[in-house]
Amino acid sequence: MTNSVTGAAIDGWLRAFARLVAEHEDELTRLDAAIGDADHGANMNRGLTAAAVALDELAAGDPPPAAGPRLTKVGMTLISTVGGAAGPLFGTFFLRMGNALAEQETPTALAAALRAGLAGVVQRGKAEAGDKTMYDALAPAVAAVETALAAGGSLADALAAASKAAEDGCAATVPLVARKGRASYLGERSVGHQDPGATTVSLFFRAALDSGVAG
Amino acid sequence: MSVGIVVVSHSRALAGAAVDLAAQMLAGRDLRLAVAAGLDETTLGTDALQIKAAVEQVDGPDGVVVLMDLGSAVLSSELALDLLDDPTGRDRVTLSPAPIVEGLVAAAVAAAGGASRAEVAAEAVAALRAKREHLGEPDTDPGSGPAPGEPSAGTEITGRPPDEPAAHAEVTVENRHGLHARPVARLVALAREHDARLSLRNLTTGAGPAAATSPTQLATLGAQRGHRLQIEATGPAARQALDAVIALAHDGFGDDDRSAEPSAGLASVTANDSVSVTANDSVSVTANDSVSVTANDSVSVTAIGKANGLAAGRGPQAVSPGIGIGPARFWRPAPTRDGAVPAPRNGTGVSGPRPVGAELRRLHEARDAVRRALAGLAASTQAELGAAEAAIFAAHEAILDDPALIGPAEAEIREGHSAQGSWARAVDAAERAYAALADPYLRERGQDVRAVGDQVLAELTGAGAGGPSGDGVLVVADLTPAQAAGLNREHVTAIVLAHGSATSHAAILARSRGIPAVAGAGDDVLRLPEATALIVDGTAGLLLVDPAADVLARYRGAAAEEAERAAAERARAGEPAVTRDGRRMHVEANLGSVPDALDAARLGADGAGLVRTEFLFLDRETAPTVAEQEQLYRAIAEALPGRRVTFRTLDVGGDKPLPYLPTPPEANPFLGVRGVRLALAAPHLLRDQLTALVRVAREHPLGIMVPMVSTPGELRQVHAVLDQVLTAETDGTRPPGLELGVMIEVPAAALKAAAFAGLVDFVSIGTNDLTQYTLAAERGHPGLGALADALDPGVLRLVEAVCRAGAGRFRVGVCGEAAADPLAGPVFAALGVTELSVSPAALPAVKAGLRAADLTALADRLPACLALPDAAAVRAALTPPPP
């Protein structure tokens with residue numbers, strides 16, 4: 001499975017993501033309680049649980065679908081089931097990823113799909129670097145994938161770099177003042193808290209390491 | 001068919017209740033409405049697919065207006081439009097920024113009445129305005145009508161049946177200038193407060209009808225003093241609305257200009273008229289100036305003299321000395337008419353159909369940006385000049401929301417035109433409607449539409465703030481610090497501020513650039529024809545319009561003499577300032593930019609005693625980065641190589657709110673969270689700024705000065721942040737050239753200055769604020785100029801106290817405007833101040849003044865001065881007798 005982004009690999013990644021979010025639901029909700037409306041963990045868990053069911057239905061198909069359609073399916077499920085701003089944001093991310101990836105399986109195509117997903121998040125949320133949002137973890141992670149692949153690294157190298165970059169980006173949201181979403185109403189009081197959306201992004205990339213996709 | 005409405009909410013219960021409220025207003029009339037709310041009956045959340053289905057359910061040829069609650073409701077709705085089965089469908093959908101409850105009620109009534117999508121959307125947004133104006137207008141009689149949606153007894157009419165009875169009334173316009181911008185704004189606000197449709201006709205001229213919610217339509221009535229207006233009201237609150245309009249009309253539509261005599265302004269004088277100066281005008285003109293224009297001179301000028309006391313009408317105030325002569329020029333935004341349109345900021349070119357939603361959003365974002373700018377101007381004008389003067393900005397804001405502008409602009413955008421082109425054509429059409437009016441005063445109101453329209457265009461095209469229309473005397477309402485900072489005295493010979501005051505930032509900047517200026521000249525100057533000849537005497541506070549040849553010659557002579565003296569002083573500016581009794585004074589510069597710093601170096605500054613850093617932070621959407629700050633600070637320091645440059649950390653308060661640092665409005669921002677108080681409330685901004693400064697301090701002698709300090713505890717907190725920065729940047733050691741100090745502006749800090757010993761290397765007395773706080777005389781109050789004088793013995797005693805506390809422990813400087821005062825500067829020096837920091841333009845004259853001073857002799861006279869009752873007495877005692 002190394003260096004190939006098959007439908008099964010993406011399936012594993014998405015399910016590992018769902019598992020990690022379920023394990024960290026309380027932590028995510030706690031983070032959101034500090035600067036938001038205390039529902040991010042529950043919302044994401046609800047959405048990803050539904051997404052896992054949707055993946056089950058897809059996996060039953062013959063032939064089994066490629067990576068792209070699975071991502072699209074998860075995206076559509078999230079926009080209907082998450083409820084909070086993470087719904088349209090993560091939903092758009094996976095929709096754009098799925099559309100960009102389609103039937104392709106190369107690591108470069110995955111990098112391009114991640115870039116397309118990031119562009120979707122920016123278009124939807126209008127966030128910029130330093131706004132204390134999921135962007136602050138997602139953008140460096142996407143860049144890390146591109147850099148690692150450009151340097152001749154394997155898919156596993158690239159995803160390891162992405163996971164590290166997402167975690168660093170996530171930690172870097174702690175001292176920031178939130179400028180988007182519910183947390184922006186808190187202004188200065190949002191300083192000192194890690195952004196829940198960025199945390200979920202770091203779980204997404206950690207999930208890649210826990211699953212088959214990284215080889 | 002009618003416009004469909006979709007309600008998007010996190011909560012199904014909330015959406016249902018809002019729909020119930022709206023349904024009360026419909027009296028059984030049909031409405032196409034769908035709800036997309038909650039993930040299920042009880043789970044909060046929004047679902048883009050649900051929204052998509054709701055939009056598709058009520059979609060039709062007339063389109064859909066979507067009302068949303070907060071956060072993900074907006075994101076999910078935008079996503080839903082991306083997902084529509086019919087991709088052209090999104091062009092028929094308006095996502096409304098209106099508040100969900102009020103907006104839905106207003107939109108539902110409009111849609112059920114057959115209004116277009118643009119009208120429904122406008123009604124929804126206006127619903128918020130009604131509430132805002134209601135709460136923001138304490139003099140609005142709350143009993144004058146029921147709130148929207150609250151039918152009153154006797155008028156059991158809901159919805160808007162076409163045959164509903166109308167109530168009528170007639171009123172006479174009593175306002176001197178007719179129904180101009182401010183009365184119109186009041187009328188529009190009132191009309192929006194009532195659930196009634198009001199329209200007006202001018203019975204005298206036959207003009208109309210005009211909707212009372214549209215400032216533009218109302219202005220086209222051409223209603224002048226004495227005209228009879230007929231008002232027609234329909235709707236649930238028709239009677240109440242009518243009564244309220246009648247009351248407003250009897251109250252002069254909220255404007256108190258009914259009986260006022262024309263002020264010494266230009267309202268009744270066109271540029272081609274020449275009128276003699278009246279004796280009343282000339283009285284104060286002769287004061288302390290070699291040029292005199294008196295009633296005995298047979299000159300034909302329109303002179304607007306300095307107001308003589310509180311009761312007299314306000315005329316221009318002297319705010320920046322010197323004489324400037326030239327043609328009248330006005331602030332023009334960069335040209336942005338269609339045809340010569342710069343590429344839109346985010347545009348992809350001009351061909352092909354445009355994304356309607358994106359263009360609509362751009363227009364609304366541009367209007368929002370202008371709205372914020374107007375609110376800022378209104379707040380600062382209200383603080384400096386009072387509510388009456390600030391009302392013009394409310395009038396401008398009403399233009400921004402005028403359905404007669406927005407409706408046509410949005411309609412064009414929906415046909416595929418650009419936001420800027422559509423807006424420009426709507427503004428042009430409105431301006432033409434004004435130009436066709438008979439009354440010259442009302443014709444001029446078109447300029448208000450043009451002014452607001454141009455501001456929006458500048459936002460849309462990214463054309464920036466623009467600049468003066470040519471070389472000469474710049475005539476403007478007021479200048480933002482950013483605008484004033486860009487002015488160049490090579491091109492601007494003088495500045496006339498219609499608003500503003502001596503202590504406004506525009507005035508301080510004019511002084512620092514050596515541009516003669518007067519402030520508070522009144523709105524009438526803004527209507528002078530372009531290139532009218534003007535003389536500005538910024539020393540006497542005099543504006544001469546279209547002067548006669550002999551007057552012009554005298555002023556030219558006076559200006560030449562002044563220039564000669566200044567040249568002699570400049571020739572010696574590079575030499576140190578040593579007093580007659582041998583004391584060496586440091587004369588430093590107050591700066592706000594790199595060009596200032598270069599000027600200061602050229603004009604002999606011994607350093608910079610005050611670098612204002614606010615300019616980096618104002619007029620922008622996000623905070624400047626460390627790198628950006630470092631680059632600018634370094635450039636300023638490098639302009640003054642080897643000389644100490646003292647940067648004041650960010651000094652703003654509620655009067656100058658930063659978009660990226662939302663602060664609640666304060667009743668008195670000058671006694672609120674400002675200066676160090678704000679810095680400690682936003683430590684990330686302080687940390688970034690200190691980081692940039694510390695980096696520059698490794699290579700340049702540099703001072704960091706903390707403003708508005710009241711207690712040593714505040715300074716210790718700044719020290720703690722500085723220590724963190726030093727740990728991160730230099731392993732904890734302070735660069736040898738780095739000094740830390742505070743500004744003394746708070747009287748309590750002056751009296752206990754000794755408590756800062758050990759914490760500071762220097763203090764700098766900010767005499768502007770110290771004087772304001774000590775004498776409880778508001779900065780910029782047009783009537784309190786005589787009180788707000790740093791030579792008041794009370795202020796001088798505070799300066800003396802600071803110098804005593806500092807002796808041998810920290811250096812004491814003065815960086816307020818008074819440091820450049822020819823009398824006050826030497827007095828401060830005699831009290832023990834060793835550094836004076838003044839605007840670059842003032843450096844040569846201040847040095848010349850110190851060289852002529854004998855501080856020992858002056859010190860002997862000071863105890864007597866400190867015992868005098870007021871500043872005027874001190875000035876009299878220190879002014880040398882005429883030879």
# chains A, B, ... in the order shown; residues from 1 in each chain; ligands from 1
>>> closest_atom_pairs(of="chain B", to="chain A", cutoff="8 Å", atoms="only C-alpha atoms", output="tab-separated table")
residue	atom	partner	partner_atom	distance
B:His10	CA	A:Gly83	CA	7.6
B:Gly38	CA	A:Gly83	CA	7.4
B:Leu39	CA	A:Gly83	CA	6.4
B:Leu44	CA	A:Gly83	CA	6.6
B:Gly45	CA	A:Gly83	CA	3.5
B:Thr46	CA	A:Gly83	CA	4.6
B:Asp47	CA	A:Ser80	CA	4.5
B:Ala48	CA	A:Ile79	CA	5.9
B:Leu49	CA	A:Ser80	CA	6.1
B:Gln50	CA	A:Ser80	CA	7.5
B:Gly71	CA	A:Gly181	CA	6.1
B:Ser72	CA	A:Ala85	CA	3.9
B:Ala73	CA	A:Ala85	CA	7.6
B:Leu75	CA	A:Pro88	CA	6.1
B:Ser76	CA	A:Pro88	CA	5.3
B:Glu78	CA	A:Arg124	CA	7.6
B:Leu79	CA	A:Pro88	CA	6.6
B:Tyr660	CA	A:Arg179	CA	7.7
B:Leu661	CA	A:Gly187	CA	7.2
B:Pro662	CA	A:Gly187	CA	7.1
B:Ala681	CA	A:Glu188	CA	7.5
B:Ala682	CA	A:Glu188	CA	6.4
B:His684	CA	A:Leu176	CA	7.9
>>> residues_around(residues="Ala404 (chain B)", least_positions_apart="5", cutoff="10 Å", atoms="only C-alpha atoms", output="list in words")
Ala211, Thr213, Ser214, Pro215, Thr216, Gln217, Ile399, Ala409, Ala426, Val427, Ala429 and Ala430 of chain B
>>> write_last_selection(atoms="N, CA and C atoms", output="compact mmCIF listing (two decimals), in the first residue's frame")
# COMPACT_ATOMS: atom_id res chain seq x y z
N ALA B 211 -40.81 58.48 -1.17
CA ALA B 211 -40.88 57.60 -0.01
C ALA B 211 -40.06 58.18 1.13
N THR B 213 -38.59 56.76 3.39
CA THR B 213 -37.42 55.98 3.77
C THR B 213 -36.23 56.24 2.85
N SER B 214 -36.43 57.07 1.82
CA SER B 214 -35.36 57.29 0.86
C SER B 214 -34.85 58.73 0.91
N PRO B 215 -33.65 58.94 1.44
CA PRO B 215 -33.10 60.30 1.49
C PRO B 215 -33.03 60.94 0.10
N THR B 216 -32.71 60.13 -0.89
CA THR B 216 -32.55 60.69 -2.23
C THR B 216 -33.89 61.17 -2.78
N GLN B 217 -34.91 60.32 -2.63
CA GLN B 217 -36.23 60.74 -3.13
C GLN B 217 -36.73 61.97 -2.38
N ILE B 399 -27.38 58.03 3.51
CA ILE B 399 -27.19 57.92 2.06
C ILE B 399 -26.66 56.53 1.72
N ALA B 409 -28.37 49.86 -7.99
CA ALA B 409 -27.02 49.28 -8.07
C ALA B 409 -27.13 47.75 -8.02
N ALA B 426 -25.44 54.31 -10.30
CA ALA B 426 -26.52 54.67 -9.36
C ALA B 426 -26.23 56.02 -8.71
N VAL B 427 -24.95 56.23 -8.35
CA VAL B 427 -24.58 57.50 -7.72
C VAL B 427 -24.73 58.64 -8.73
N ALA B 429 -26.73 58.82 -11.25
CA ALA B 429 -28.15 59.11 -11.47
C ALA B 429 -28.71 59.93 -10.32
N ALA B 430 -28.35 59.56 -9.11
CA ALA B 430 -28.85 60.30 -7.95
C ALA B 430 -28.31 61.72 -7.97
>>> atom_distance(atom1="CA of Ala395 (chain B)", atom2="CA of Ala185 (chain B)")
5.1 Å
>>> closest_residue(among="A:Ala150, A:Asp62, A:Val122, A:Ser163", to="Thr200 (chain A)", atoms="only C-alpha atoms")
A:Ser163
>>> closest_atom_pairs(of="region 54-136 of chain A", to="region 201-204 of chain A", cutoff="10 Å", atoms="only C-alpha atoms", output="CSV")
residue,atom,partner,partner_atom,distance
A:Phe90,CA,A:Val201,CA,9.2
A:Thr133,CA,A:Val201,CA,9.9
A:Met134,CA,A:Val201,CA,6.4
A:Tyr135,CA,A:Val201,CA,8.7
A:Asp136,CA,A:Val201,CA,9.3
>>> atom_distance(atom1="CA of Ser320 (chain B)", atom2="CA of Arg489 (chain B)")
12.6 Å
>>> select_by_dssp(residues="region 523-687 of chain B", states="strand (DSSP E)", output="PyMOL selection string")
chain B and resi 533-537+542-545+577-578+584-591+608-612+645-648
>>> residues_around(residues="Val55 (chain B)", least_positions_apart="2", cutoff="9 Å", atoms="only C-alpha atoms", output="compact mmCIF listing (two decimals) with C-alpha atoms, in the first residue's frame")
# COMPACT_ATOMS: atom_id res chain seq x y z
CA GLY B 4 -39.48 33.36 -1.53
CA ILE B 5 -38.02 33.53 1.96
CA VAL B 6 -35.82 30.93 3.63
CA ALA B 34 -39.34 27.61 4.00
CA ALA B 36 -34.00 25.07 7.33
CA GLN B 50 -31.48 21.20 4.23
CA ILE B 51 -30.88 24.82 3.21
CA LYS B 52 -30.39 23.81 -0.41
CA ALA B 53 -33.72 21.96 -0.37
CA GLN B 57 -38.60 24.73 -2.63
CA VAL B 58 -39.42 28.46 -2.65
CA ASP B 59 -37.32 29.47 -5.67
CA VAL B 64 -35.26 34.10 -2.81
CA VAL B 65 -34.08 36.04 0.24
CA VAL B 66 -32.33 33.96 2.92
CA ALA B 80 -25.88 25.47 -0.07
CA LEU B 81 -25.72 27.94 -2.97
CA LEU B 84 -27.86 24.06 -5.98
CA VAL B 93 -30.77 34.25 -4.13
>>> select_by_dssp(residues="region 128-186 of chain A", states="alpha helix (DSSP H)", output="count of residues only")
33
>>> atom_distance(atom1="CA of Ala116 (chain A)", atom2="CA of Asp82 (chain B)")
15.4 Å
>>> closest_residue(among="B:Ala411, B:Ile231, B:Leu603, B:Val7", to="Glu569 (chain B)", atoms="only C-alpha atoms")
B:Leu603
